[in-house]
>>> print(open('final-v2.txt').read())   # compact mmCIF, C-alpha atoms and all ligand atoms
# COMPACT_ATOMS: atom_id res chain seq x y z
CA MET L 1 23.95 9.72 -29.66
CA SER L 2 21.85 12.36 -28.04
CA TRP L 3 20.17 13.86 -31.10
CA TRP L 4 17.86 10.92 -31.61
CA ARG L 5 17.06 10.45 -27.96
CA SER L 6 15.30 13.77 -27.82
CA LEU L 7 13.19 12.86 -30.83
CA LEU L 8 11.98 9.51 -29.69
CA SER L 9 8.88 8.53 -27.86
CA ARG L 10 9.02 5.85 -25.16
CA ARG L 11 8.15 3.03 -27.53
CA ASP L 12 10.34 4.27 -30.34
CA VAL L 13 13.35 3.87 -28.07
CA LEU L 14 12.76 0.14 -27.96
CA ARG L 15 12.30 -0.05 -31.72
CA VAL L 16 15.59 1.69 -32.38
CA GLY L 17 17.24 -0.50 -29.77
CA ALA L 18 15.93 -3.42 -31.72
CA GLY L 19 18.20 -2.45 -34.57
CA GLY L 20 15.67 -0.38 -36.44
CA ALA L 21 13.81 -3.48 -37.54
CA ALA L 22 10.09 -3.67 -37.07
CA ALA L 23 10.50 -5.50 -33.79
CA LEU L 24 7.44 -4.31 -31.95
CA ALA L 25 8.81 -5.38 -28.65
CA GLY L 26 5.72 -4.98 -26.55
CA SER L 27 3.05 -6.47 -28.71
CA VAL L 28 5.35 -9.24 -29.84
CA ALA L 29 6.28 -9.98 -26.26
CA LEU L 30 2.68 -10.37 -25.25
CA GLY L 31 1.96 -12.41 -28.35
CA GLN L 32 4.73 -14.76 -27.31
CA ARG L 33 2.73 -15.97 -24.32
CA GLY L 34 2.21 -19.69 -24.32
CA SER L 35 5.00 -20.45 -26.75
CA HIS L 36 8.27 -22.02 -25.75
CA PRO L 37 10.91 -19.26 -25.85
CA ALA L 38 13.77 -21.70 -26.32
CA SER L 39 12.20 -23.18 -29.39
CA HIS L 40 12.90 -20.25 -31.71
CA SER L 41 16.29 -18.89 -32.56
CA GLY L 42 15.57 -15.27 -31.74
CA ALA L 43 14.70 -16.06 -28.14
CA ALA L 44 17.02 -19.00 -27.53
CA ALA L 45 17.54 -19.21 -23.83
CA ALA L 46 21.20 -19.84 -23.13
CA SER L 47 22.87 -17.79 -25.81
CA PRO L 48 20.31 -15.99 -27.89
CA ALA L 49 21.67 -15.40 -31.36
CA PRO L 50 21.20 -11.89 -32.68
CA THR L 51 18.11 -12.03 -34.84
CA THR L 52 18.20 -10.59 -38.30
CA SER L 53 15.52 -8.33 -39.64
CA ALA L 54 14.23 -11.28 -41.62
CA HIS L 55 12.89 -12.63 -38.35
CA ALA L 56 11.22 -9.41 -37.31
CA GLY L 57 7.51 -9.79 -37.14
CA HIS L 58 7.82 -13.56 -36.91
CA GLY L 59 5.87 -13.40 -33.70
CA ASN L 60 8.30 -15.02 -31.30
CA ASN L 61 10.95 -12.37 -30.90
CA LEU L 62 10.84 -10.33 -27.72
CA MET L 63 13.39 -7.91 -28.97
CA VAL L 64 16.15 -8.20 -31.51
CA GLY L 65 19.57 -9.04 -30.17
CA THR L 66 20.79 -9.55 -26.64
CA VAL L 67 22.55 -7.60 -23.93
CA ASN L 68 26.25 -8.07 -23.30
CA HIS L 69 26.19 -8.99 -19.61
CA LYS L 70 29.94 -9.45 -19.57
CA ARG L 71 30.48 -5.89 -20.68
CA ASN L 72 27.95 -4.69 -18.10
CA GLY L 73 29.77 -6.65 -15.41
CA PHE L 74 26.50 -8.07 -14.07
CA ASP L 75 23.76 -10.45 -15.21
CA PRO L 76 20.13 -10.01 -14.08
CA MET L 77 19.78 -13.79 -13.81
CA ALA L 78 22.79 -14.05 -11.50
CA MET L 79 21.47 -11.08 -9.53
CA LEU L 80 18.38 -13.10 -8.56
CA THR L 81 20.50 -15.12 -6.14
CA ASP L 82 23.80 -13.30 -5.53
CA TRP L 83 23.34 -12.44 -1.88
CA ASP L 84 26.18 -10.40 -0.37
CA TRP L 85 26.61 -11.70 3.18
CA GLY L 86 29.59 -9.41 3.82
CA LYS L 87 32.81 -10.33 5.57
CA VAL L 88 31.68 -12.14 8.70
CA SER L 89 33.34 -12.07 12.14
CA THR L 90 32.24 -12.04 15.79
CA LEU L 91 32.44 -9.01 18.07
CA PRO L 92 33.68 -9.40 21.69
CA ASN L 93 30.06 -9.26 22.88
CA GLY L 94 29.21 -12.26 20.71
CA GLN L 95 27.35 -10.25 18.09
CA THR L 96 27.87 -11.15 14.42
CA LEU L 97 29.66 -8.40 12.52
CA ARG L 98 29.15 -8.13 8.77
CA GLU L 99 31.42 -5.77 6.84
CA TYR L 100 30.64 -4.53 3.34
CA THR L 101 32.36 -2.16 0.94
CA MET L 102 30.24 -0.01 -1.34
CA ILE L 103 31.93 2.11 -3.98
CA ALA L 104 30.08 4.76 -5.95
CA GLN L 105 31.15 4.53 -9.59
CA ASP L 106 29.92 6.09 -12.83
CA LYS L 107 29.39 3.50 -15.53
CA GLU L 108 27.64 3.16 -18.86
CA ILE L 109 25.41 0.08 -18.82
CA GLU L 110 23.33 -1.67 -21.47
CA ILE L 111 19.71 -1.85 -20.33
CA ALA L 112 18.18 -3.39 -23.49
CA PRO L 113 19.85 -4.63 -26.65
CA GLY L 114 21.70 -1.63 -28.03
CA ILE L 115 20.34 0.82 -25.46
CA PHE L 116 23.05 2.29 -23.25
CA PHE L 117 22.51 4.35 -20.14
CA PRO L 118 25.05 6.50 -18.27
CA ALA L 119 24.39 5.08 -14.81
CA TRP L 120 25.54 6.08 -11.36
CA THR L 121 26.18 2.85 -9.49
CA TYR L 122 27.11 1.14 -6.28
CA ASN L 123 29.95 -1.28 -7.09
CA GLY L 124 29.51 -0.86 -10.83
CA ARG L 125 26.10 -2.51 -11.00
CA VAL L 126 22.41 -1.64 -11.06
CA PRO L 127 20.86 -2.55 -8.74
CA GLY L 128 23.75 -2.47 -6.28
CA PRO L 129 24.73 -5.56 -4.30
CA THR L 130 21.97 -7.38 -2.41
CA LEU L 131 23.11 -6.90 1.19
CA ARG L 132 21.84 -9.74 3.33
CA CYS L 133 22.10 -10.37 7.07
CA THR L 134 20.18 -11.59 10.09
CA GLU L 135 18.23 -9.43 12.51
CA GLY L 136 20.52 -8.23 15.30
CA ASP L 137 23.74 -8.41 13.28
CA ARG L 138 26.06 -5.42 13.47
CA LEU L 139 26.54 -4.00 9.97
CA ARG L 140 29.59 -1.95 9.03
CA ILE L 141 29.40 -0.51 5.50
CA THR L 142 32.41 1.38 4.20
CA PHE L 143 31.23 3.79 1.53
CA ILE L 144 33.78 5.19 -0.92
CA ASN L 145 32.83 7.83 -3.46
CA GLN L 146 34.88 7.49 -6.65
CA THR L 147 32.61 9.71 -8.76
CA ILE L 148 32.43 13.41 -9.48
CA HIS L 149 29.13 13.89 -7.61
CA ALA L 150 28.27 13.79 -3.92
CA HIS L 151 26.38 10.65 -2.82
CA THR L 152 25.13 8.86 0.30
CA ILE L 153 23.66 5.51 1.30
CA HIS L 154 20.30 5.71 3.01
CA PHE L 155 19.13 2.41 4.49
CA HIS L 156 15.51 1.66 5.20
CA GLY L 157 15.41 0.25 8.72
CA VAL L 158 16.06 1.42 12.27
CA HIS L 159 19.27 3.35 13.05
CA SER L 160 20.56 6.58 14.59
CA ALA L 161 20.13 9.95 12.86
CA GLU L 162 23.85 10.10 12.18
CA MET L 163 23.62 6.92 10.09
CA ASP L 164 20.59 8.00 8.07
CA GLY L 165 22.56 8.92 4.95
CA VAL L 166 20.77 12.19 4.22
CA PRO L 167 22.08 15.74 3.77
CA GLY L 168 22.49 17.48 7.12
CA ALA L 169 22.60 14.32 9.26
CA GLY L 170 25.92 12.91 10.42
CA PRO L 171 28.43 13.35 7.61
CA GLY L 172 25.65 14.33 5.18
CA GLU L 173 26.58 13.96 1.54
CA ILE L 174 29.87 12.18 0.94
CA GLN L 175 31.89 14.30 -1.45
CA PRO L 176 33.91 13.05 -4.46
CA GLY L 177 36.96 11.25 -3.15
CA GLY L 178 35.41 10.99 0.30
CA ARG L 179 34.44 7.99 2.41
CA PHE L 180 32.28 7.20 5.42
CA VAL L 181 31.54 4.12 7.48
CA TYR L 182 27.86 3.52 8.17
CA GLU L 183 27.38 1.27 11.18
CA PHE L 184 24.19 0.06 12.85
CA ASP L 185 22.37 -3.06 14.00
CA ALA L 186 20.11 -4.78 11.47
CA GLU L 187 16.47 -4.29 12.46
CA PRO L 188 13.69 -5.06 11.89
CA PHE L 189 13.75 -8.22 9.78
CA GLY L 190 12.19 -7.77 6.37
CA CYS L 191 12.67 -6.97 2.73
CA HIS L 192 14.24 -3.55 2.71
CA LEU L 193 15.93 -1.15 0.39
CA TYR L 194 18.89 1.17 0.33
CA HIS L 195 19.44 4.08 -2.00
CA CYS L 196 21.37 7.28 -2.42
CA HIS L 197 19.68 10.25 -0.73
CA ALA L 198 21.79 13.06 -2.17
CA THR L 199 20.01 15.94 -3.88
CA SER L 200 18.33 15.93 -6.27
CA LEU L 201 16.94 12.71 -4.91
CA LYS L 202 15.04 11.69 -8.03
CA ARG L 203 18.13 12.15 -10.16
CA HIS L 204 20.27 9.93 -7.94
CA ILE L 205 17.62 7.23 -7.85
CA HIS L 206 16.78 7.12 -11.55
CA LYS L 207 20.50 7.00 -12.35
CA GLY L 208 20.69 3.63 -10.58
CA MET L 209 21.84 4.17 -6.99
CA TYR L 210 19.77 1.62 -5.07
CA GLY L 211 19.70 -2.01 -4.07
CA ALA L 212 18.08 -4.69 -1.95
CA PHE L 213 18.71 -4.93 1.79
CA ILE L 214 17.37 -8.18 3.19
CA VAL L 215 17.26 -8.81 6.93
CA ASP L 216 16.37 -12.40 7.80
CA PRO L 217 14.44 -13.24 10.96
CA LYS L 218 16.59 -14.91 13.62
CA GLY L 219 14.88 -18.24 13.09
CA GLY L 220 15.00 -17.95 9.32
CA ARG L 221 12.07 -18.55 7.02
CA PRO L 222 10.90 -21.92 5.73
CA PRO L 223 13.25 -23.37 3.10
CA ALA L 224 12.42 -22.11 -0.37
CA ARG L 225 13.86 -21.20 -3.71
CA GLU L 226 14.55 -17.51 -3.27
CA PHE L 227 15.02 -14.67 -5.74
CA VAL L 228 15.43 -10.94 -5.40
CA MET L 229 13.64 -8.81 -7.98
CA VAL L 230 14.17 -5.08 -8.04
CA GLN L 231 11.57 -3.33 -10.18
CA ASN L 232 13.37 -0.50 -11.90
CA ALA L 233 13.20 1.72 -14.95
CA PHE L 234 15.34 4.14 -16.90
CA ASP L 235 14.75 7.59 -18.29
CA THR L 236 16.97 7.32 -21.34
CA ASN L 237 16.29 10.77 -22.78
CA PHE L 238 16.12 12.68 -19.47
CA ASP L 239 12.63 13.98 -20.06
CA GLY L 240 11.39 12.98 -16.60
CA ALA L 241 9.67 9.77 -17.77
CA ASN L 242 10.94 6.24 -18.12
CA GLU L 243 11.52 4.54 -21.45
CA ILE L 244 12.73 1.09 -20.34
CA TYR L 245 11.20 -0.96 -17.51
CA ALA L 246 12.66 -4.12 -16.02
CA VAL L 247 13.36 -6.23 -12.99
CA ASN L 248 17.08 -6.23 -12.24
CA THR L 249 17.73 -3.65 -14.94
CA VAL L 250 17.65 -5.41 -18.34
CA GLY L 251 14.36 -5.18 -20.26
CA PHE L 252 12.76 -8.53 -21.17
CA GLU L 253 15.76 -10.46 -19.82
CA PHE L 254 13.64 -13.08 -18.06
CA ALA L 255 11.43 -13.41 -21.11
CA ARG L 256 14.47 -14.27 -23.18
CA ARG L 257 15.75 -16.56 -20.42
CA PRO L 258 12.90 -17.91 -18.26
CA ILE L 259 13.77 -18.53 -14.61
CA PRO L 260 13.96 -22.27 -13.87
CA VAL L 261 11.98 -23.62 -10.90
CA GLN L 262 10.64 -27.04 -10.04
CA LYS L 263 6.98 -27.98 -9.89
CA GLY L 264 5.66 -28.06 -6.34
CA GLU L 265 8.57 -26.34 -4.62
CA LEU L 266 8.10 -23.19 -2.54
CA VAL L 267 9.27 -20.08 -4.39
CA ARG L 268 9.95 -16.88 -2.45
CA ILE L 269 10.49 -13.54 -4.14
CA TYR L 270 11.88 -10.46 -2.42
CA LEU L 271 10.19 -7.76 -4.47
CA ILE L 272 11.24 -4.12 -4.34
CA ASN L 273 9.84 -1.16 -6.25
CA ILE L 274 12.40 1.59 -6.82
CA LEU L 275 10.71 3.30 -9.74
CA GLU L 276 11.23 6.98 -10.12
CA PHE L 277 8.73 9.15 -12.05
CA ASP L 278 5.91 6.55 -11.97
CA LEU L 279 3.84 6.48 -8.81
CA ILE L 280 3.18 2.76 -8.67
CA ASN L 281 4.26 -0.54 -10.07
CA SER L 282 2.70 -3.96 -9.67
CA PHE L 283 3.39 -7.67 -9.95
CA HIS L 284 1.04 -10.18 -11.51
CA LEU L 285 1.71 -13.89 -11.64
CA HIS L 286 0.12 -16.12 -14.29
CA ALA L 287 -1.70 -19.36 -13.56
CA ASN L 288 -1.08 -19.02 -9.85
CA PHE L 289 -1.86 -17.17 -6.62
CA PHE L 290 0.58 -16.18 -3.91
CA ASN L 291 0.79 -15.13 -0.29
CA TYR L 292 2.19 -11.66 0.27
CA TYR L 293 4.16 -10.32 3.23
CA ASP L 294 4.00 -6.53 3.07
CA THR L 295 7.51 -5.18 3.85
CA GLY L 296 8.44 -8.70 4.94
CA THR L 297 8.35 -7.73 8.60
CA THR L 298 5.91 -10.47 9.57
CA LEU L 299 6.11 -14.25 9.47
CA GLU L 300 2.42 -14.44 8.63
CA PRO L 301 1.17 -13.26 5.23
CA THR L 302 -0.50 -9.86 5.19
CA SER L 303 -2.45 -10.83 2.05
CA ARG L 304 -3.39 -14.38 1.15
CA ILE L 305 -4.15 -15.99 -2.18
CA VAL L 306 -3.70 -12.98 -4.42
CA ASP L 307 -2.41 -12.90 -7.98
CA THR L 308 -1.57 -9.22 -8.26
CA ILE L 309 -0.09 -6.76 -5.76
CA MET L 310 0.68 -3.10 -6.09
CA GLN L 311 3.74 -1.29 -4.76
CA ALA L 312 4.16 2.47 -4.54
CA GLN L 313 7.63 4.00 -4.87
CA GLY L 314 9.94 2.49 -2.26
CA GLN L 315 7.53 -0.26 -1.22
CA ARG L 316 8.70 -3.83 -0.76
CA GLY L 317 7.28 -7.22 0.05
CA ILE L 318 7.79 -10.95 -0.06
CA LEU L 319 5.80 -13.31 -2.30
CA GLU L 320 5.46 -17.05 -1.70
CA PHE L 321 3.92 -19.57 -4.08
CA LYS L 322 4.20 -23.03 -5.60
CA TYR L 323 3.46 -24.08 -9.14
CA LYS L 324 1.03 -26.94 -9.62
CA PHE L 325 1.71 -27.44 -13.33
CA THR L 326 4.79 -27.49 -15.49
CA GLY L 327 5.14 -24.99 -18.28
CA ASN L 328 6.19 -21.48 -19.10
CA PHE L 329 4.34 -18.94 -16.94
CA MET L 330 4.59 -15.18 -17.34
CA PHE L 331 4.97 -12.60 -14.62
CA HIS L 332 4.67 -8.88 -15.28
CA PRO L 333 3.13 -5.72 -13.88
CA HIS L 334 -0.56 -5.29 -14.50
CA ILE L 335 0.30 -1.92 -15.94
CA SER L 336 0.34 -2.90 -19.59
CA GLU L 337 2.56 -0.06 -20.69
CA PHE L 338 5.37 -1.16 -18.36
CA THR L 339 5.03 -4.71 -19.68
CA GLU L 340 5.36 -3.51 -23.24
CA LEU L 341 8.44 -1.48 -22.35
CA GLY L 342 10.46 -4.37 -20.94
CA TRP L 343 9.13 -5.44 -17.54
CA MET L 344 8.05 -8.96 -18.40
CA GLY L 345 9.48 -12.38 -17.74
CA SER L 346 8.51 -15.94 -17.07
CA PHE L 347 9.16 -18.95 -14.91
CA GLN L 348 10.05 -22.20 -16.58
CA VAL L 349 8.38 -24.72 -14.29
CA VAL L 350 9.70 -28.24 -14.79
CA GLU L 351 9.67 -31.69 -13.23
CA PRO L 352 12.80 -32.38 -11.13
CA GLU L 353 14.26 -34.63 -13.83
CA ALA L 354 14.07 -31.81 -16.37
CA TYR L 355 15.59 -29.28 -13.98
CA PRO L 356 19.29 -29.64 -14.93
CA ALA L 357 18.40 -28.96 -18.57
CA ALA L 358 16.36 -25.91 -17.53
CA LEU L 359 19.34 -24.57 -15.56
CA LYS L 360 21.51 -25.01 -18.62
CA ALA L 361 18.97 -23.26 -20.85
CA ALA L 362 18.93 -20.31 -18.45
CA GLY L 363 22.71 -20.11 -18.61
CA VAL L 364 23.24 -20.75 -14.89
CA ASP L 365 25.25 -23.33 -13.02
CA ALA L 366 25.06 -25.42 -9.86
CA GLY L 367 26.32 -22.46 -7.81
CA TRP L 368 23.28 -20.40 -8.82
CA ASP L 369 21.05 -23.36 -7.96
CA LYS L 370 22.64 -23.70 -4.51
CA ARG L 371 22.43 -19.98 -3.78
CA SER L 372 18.76 -19.95 -4.75
CA LEU L 373 17.92 -22.46 -2.00
CA GLN L 374 17.58 -20.49 1.24
CA GLY L 375 15.65 -20.33 4.46
CA ALA L 376 16.03 -22.18 7.71
CA ALA L 377 17.86 -24.99 5.96
CA GLY L 378 19.48 -22.74 3.41
CA GLY L 379 22.98 -21.46 2.84
CA ARG L 380 23.15 -18.59 5.30
CA SER L 381 26.76 -17.70 5.89
CU CU L 401 23.85 9.69 -5.35
>>> encode(input="final-v2.txt", output="structure tokens", more="lines below")
Ligand SMILES: [Cu+2]
Amino acid sequence: MSWWRSLLSRRDVLRVGAGGAAALAGSVALGQRGSHPASHSGAAAASPAPTTSAHAGHGNNLMVGTVNHKRNGFDPMAMLTDWDWGKVSTLPNGQTLREYTMIAQDKEIEIAPGIFFPAWTYNGRVPGPTLRCTEGDRLRITFINQTIHAHTIHFHGVHSAEMDGVPGAGPGEIQPGGRFVYEFDAEPFGCHLYHCHATSLKRHIHKGMYGAFIVDPKGGRPPAREFVMVQNAFDTNFDGANEIYAVNTVGFEFARRPIPVQKGELVRIYLINILEFDLINSFHLHANFFNYYDTGTTLEPTSRIVDTIMQAQGQRGILEFKYKFTGNFMFHPHISEFTELGWMGSFQVVEPEAYPAALKAAGVDAGWDKRSLQGAAGGRS
């Protein structure tokens, strides 16, 4: 496998992943704008059929083939809403205790059709589980290292030095076969991040050891349809630059399967940038403007009515918007190269009566729909 990796440029990787056909993923993806992805076989939403080379160049194919989510053990669409609330109990002082288990595991994952990446993971997935809690909860995270490298978990937030998950503090790096229990109170509320902080830091991050850490304000946020999007990328030939870009790991996944939302409802996105090697990433929404809550630590927007925001490495924020019109609307970074290399998707905005069909087309069920509705009236558990 490795001989060709070293020969390929960033774009060539996608072409080979597309089965060697002339599937110019980026330009075709952009050319697809405005069309209905479910209307052509190569981009069928629920179960995209592998496209033959005869379809290449047709103009509606984002990439040939599809990713085997079952083999990966995770699905980027499911990841939008699969909050991990932990095992919940109450401490003698009345405080809510949430207990999580995080296991470091090595695993080969498919990040674009036919492109496999030897990842280092938390719980066998990239990004790791979306840990979610409420400000003031006591969090107890048991970390078990089942790999052959030393790892840690470093949480963004407020905690003691011993719980910082960096070499030289507390237990430092957790060695192969080792375990440690991180414990601290969740503060402040916001859209945070956790990641491995073992050395070399960039290696542990680009291999996939990170995830979302969402702390809700005590009073919750207004009810909304909520999604977590982790902007990530993969250096497939280990040359210190990324070849595949995505949200929630799989390139073009939300272009192949647009995310269903209803016209007029409040949509809230927890957006996290965990790129390695590239200094910034960005998020641009089509046919709409949004309010932005930088780091999510305020209940008032820090930017209003914007259509593009920029995030440096490790930056996070919350976006809120409503769609006025039905249709298929793209979102992508306003860094065209990243868009062409996989970081592009769309929302399928529908009238309420068309919503069940849109859920079906996206390959999700009523459970996904229920989990996506959060906030003060949402399903906090
Ligand atoms: Cu690590």
>>> closest_residue(input="final-v2.txt", among="L:Val306, L:Ala169, L:Leu80, L:Ala161", to="Asp369 in chain L", atoms="all atoms listed in the file")
L:Leu80
>>> atom_distance(input="final-v2.txt", atom1="CA of His192 in chain L", atom2="CA of Glu135 in chain L")
12.1 Å
>>> axis_aligned_box(input="final-v2.txt", around="range 102-111 of chain L", padding_each_side="8 Å", output="AutoDock Vina command-line options")
--center_x 25.8 --center_y 2.1 --center_z -11.4 --size_x 28.2 --size_y 23.9 --size_z 36.1
>>> residues_around(input="final-v2.txt", residues="Lys207 in chain L", least_positions_apart="6", cutoff="9 Å", atoms="only C-alpha atoms", output="PyMOL selection string")
chain L and resi 117-121+126+234-235
>>> write_last_selection(input="final-v2.txt", atoms="C-alpha atoms", output="tab-separated table (two decimals), keeping the file's coordinate frame")
chain	number	residue	atom	x	y	z
L	117	PHE	CA	22.51	4.35	-20.14
L	118	PRO	CA	25.05	6.50	-18.27
L	119	ALA	CA	24.39	5.08	-14.81
L	120	TRP	CA	25.54	6.08	-11.36
L	121	THR	CA	26.18	2.85	-9.49
L	126	VAL	CA	22.41	-1.64	-11.06
L	234	PHE	CA	15.34	4.14	-16.90
L	235	ASP	CA	14.75	7.59	-18.29
>>> residues_near_point(input="final-v2.txt", point="(30.9, 8.8, 5.8)", cutoff="12 Å", atoms="only C-alpha atoms", output="number ranges by chain")
L: 102-103, 140-145, 150-154, 162-167, 169-183
>>> closest_residue(input="final-v2.txt", among="L:Asp106, L:Glu340, L:Glu300, L:Glu265", to="ligand CU 401 (chain L)", atoms="all atoms listed in the file")
L:Asp106
>>> atom_distance(input="final-v2.txt", atom1="CA of Ala357 in chain L", atom2="CA of Pro113 in chain L")
25.7 Å
>>> atom_distance(input="final-v2.txt", atom1="CA of Arg268 in chain L", atom2="CA of Pro333 in chain L")
17.4 Å
>>> residues_near_ligand(input="final-v2.txt", ligand="ligand CU 401 (chain L)", cutoff="8 Å", atoms="all atoms listed in the file", output="count of residues only")
17
>>> residues_near_point(input="final-v2.txt", point="(9.7, 0.7, -7.5)", cutoff="10 Å", atoms="all atoms listed in the file", output="compact mmCIF listing (two decimals) with C-alpha atoms, in the frame of the given file")
# COMPACT_ATOMS: atom_id res chain seq x y z
CA VAL L 230 14.17 -5.08 -8.04
CA GLN L 231 11.57 -3.33 -10.18
CA ASN L 232 13.37 -0.50 -11.90
CA ALA L 233 13.20 1.72 -14.95
CA VAL L 247 13.36 -6.23 -12.99
CA LEU L 271 10.19 -7.76 -4.47
CA ILE L 272 11.24 -4.12 -4.34
CA ASN L 273 9.84 -1.16 -6.25
CA ILE L 274 12.40 1.59 -6.82
CA LEU L 275 10.71 3.30 -9.74
CA GLU L 276 11.23 6.98 -10.12
CA PHE L 277 8.73 9.15 -12.05
CA ASP L 278 5.91 6.55 -11.97
CA LEU L 279 3.84 6.48 -8.81
CA ILE L 280 3.18 2.76 -8.67
CA ASN L 281 4.26 -0.54 -10.07
CA SER L 282 2.70 -3.96 -9.67
CA MET L 310 0.68 -3.10 -6.09
CA GLN L 311 3.74 -1.29 -4.76
CA ALA L 312 4.16 2.47 -4.54
CA GLN L 313 7.63 4.00 -4.87
CA GLY L 314 9.94 2.49 -2.26
CA GLN L 315 7.53 -0.26 -1.22
CA ARG L 316 8.70 -3.83 -0.76
>>> residues_around(input="final-v2.txt", residues="range 371-375 of chain L", least_positions_apart="6", cutoff="10 Å", atoms="all atoms listed in the file", output="list in words")
Ala78, Leu80, Thr81, Asp82, Trp83, Asp216, Pro217, Gly219, Gly220, Arg221, Pro222, Pro223, Ala224, Arg225, Glu226, Phe227, Val228, Val261, Leu266, Val267 and Arg268 of chain L
>>> write_last_selection(input="final-v2.txt", atoms="C-alpha atoms", output="PDB file, in the coordinates of the input")
ATOM      1  CA  ALA L  78      22.790 -14.050 -11.500  1.00  0.00           C
ATOM      2  CA  LEU L  80      18.380 -13.100  -8.560  1.00  0.00           C
ATOM      3  CA  THR L  81      20.500 -15.120  -6.140  1.00  0.00           C
ATOM      4  CA  ASP L  82      23.800 -13.300  -5.530  1.00  0.00           C
ATOM      5  CA  TRP L  83      23.340 -12.440  -1.880  1.00  0.00           C
ATOM      6  CA  ASP L 216      16.370 -12.400   7.800  1.00  0.00           C
ATOM      7  CA  PRO L 217      14.440 -13.240  10.960  1.00  0.00           C
ATOM      8  CA  GLY L 219      14.880 -18.240  13.090  1.00  0.00           C
ATOM      9  CA  GLY L 220      15.000 -17.950   9.320  1.00  0.00           C
ATOM     10  CA  ARG L 221      12.070 -18.550   7.020  1.00  0.00           C
ATOM     11  CA  PRO L 222      10.900 -21.920   5.730  1.00  0.00           C
ATOM     12  CA  PRO L 223      13.250 -23.370   3.100  1.00  0.00           C
ATOM     13  CA  ALA L 224      12.420 -22.110  -0.370  1.00  0.00           C
ATOM     14  CA  ARG L 225      13.860 -21.200  -3.710  1.00  0.00           C
ATOM     15  CA  GLU L 226      14.550 -17.510  -3.270  1.00  0.00           C
ATOM     16  CA  PHE L 227      15.020 -14.670  -5.740  1.00  0.00           C
ATOM     17  CA  VAL L 228      15.430 -10.940  -5.400  1.00  0.00           C
ATOM     18  CA  VAL L 261      11.980 -23.620 -10.900  1.00  0.00           C
ATOM     19  CA  LEU L 266       8.100 -23.190  -2.540  1.00  0.00           C
ATOM     20  CA  VAL L 267       9.270 -20.080  -4.390  1.00  0.00           C
ATOM     21  CA  ARG L 268       9.950 -16.880  -2.450  1.00  0.00           C
TER      22      ARG L 268
END
>>> residues_around(input="final-v2.txt", residues="Ile259 in chain L", least_positions_apart="6", cutoff="7 Å", atoms="all atoms listed in the file", output="list of chain:residue names")
L:Ser346, L:Phe347, L:Gln348, L:Ala362
>>> closest_residue(input="final-v2.txt", among="L:Gly264, L:Arg132, L:Asn328, L:Lys218", to="Ala358 in chain L", atoms="all atoms listed in the file")
L:Asn328
>>> closest_residue(input="final-v2.txt", among="L:Met344, L:Ala354, L:Ala366, L:Ile214", to="Gly317 in chain L", atoms="only C-alpha atoms")
L:Ile214
>>> closest_residue(input="final-v2.txt", among="L:Ala361, L:Val349, L:Met229, L:Val67", to="Val250 in chain L", atoms="only C-alpha atoms")
L:Val67
>>> closest_residue(input="final-v2.txt", among="L:Tyr270, L:Tyr245, L:Phe238, L:Lys263", to="Thr297 in chain L", atoms="all atoms listed in the file")
L:Tyr270
>>> residues_around(input="final-v2.txt", residues="Ser89 in chain L", least_positions_apart="2", cutoff="12 Å", atoms="all atoms listed in the file", output="list of chain:residue names")
L:Trp85, L:Gly86, L:Lys87, L:Leu91, L:Pro92, L:Asn93, L:Gly94, L:Gln95, L:Thr96, L:Leu97, L:Arg98, L:Glu99, L:Tyr100, L:Asp137, L:Arg138, L:Leu139, L:Arg140, L:Ser381
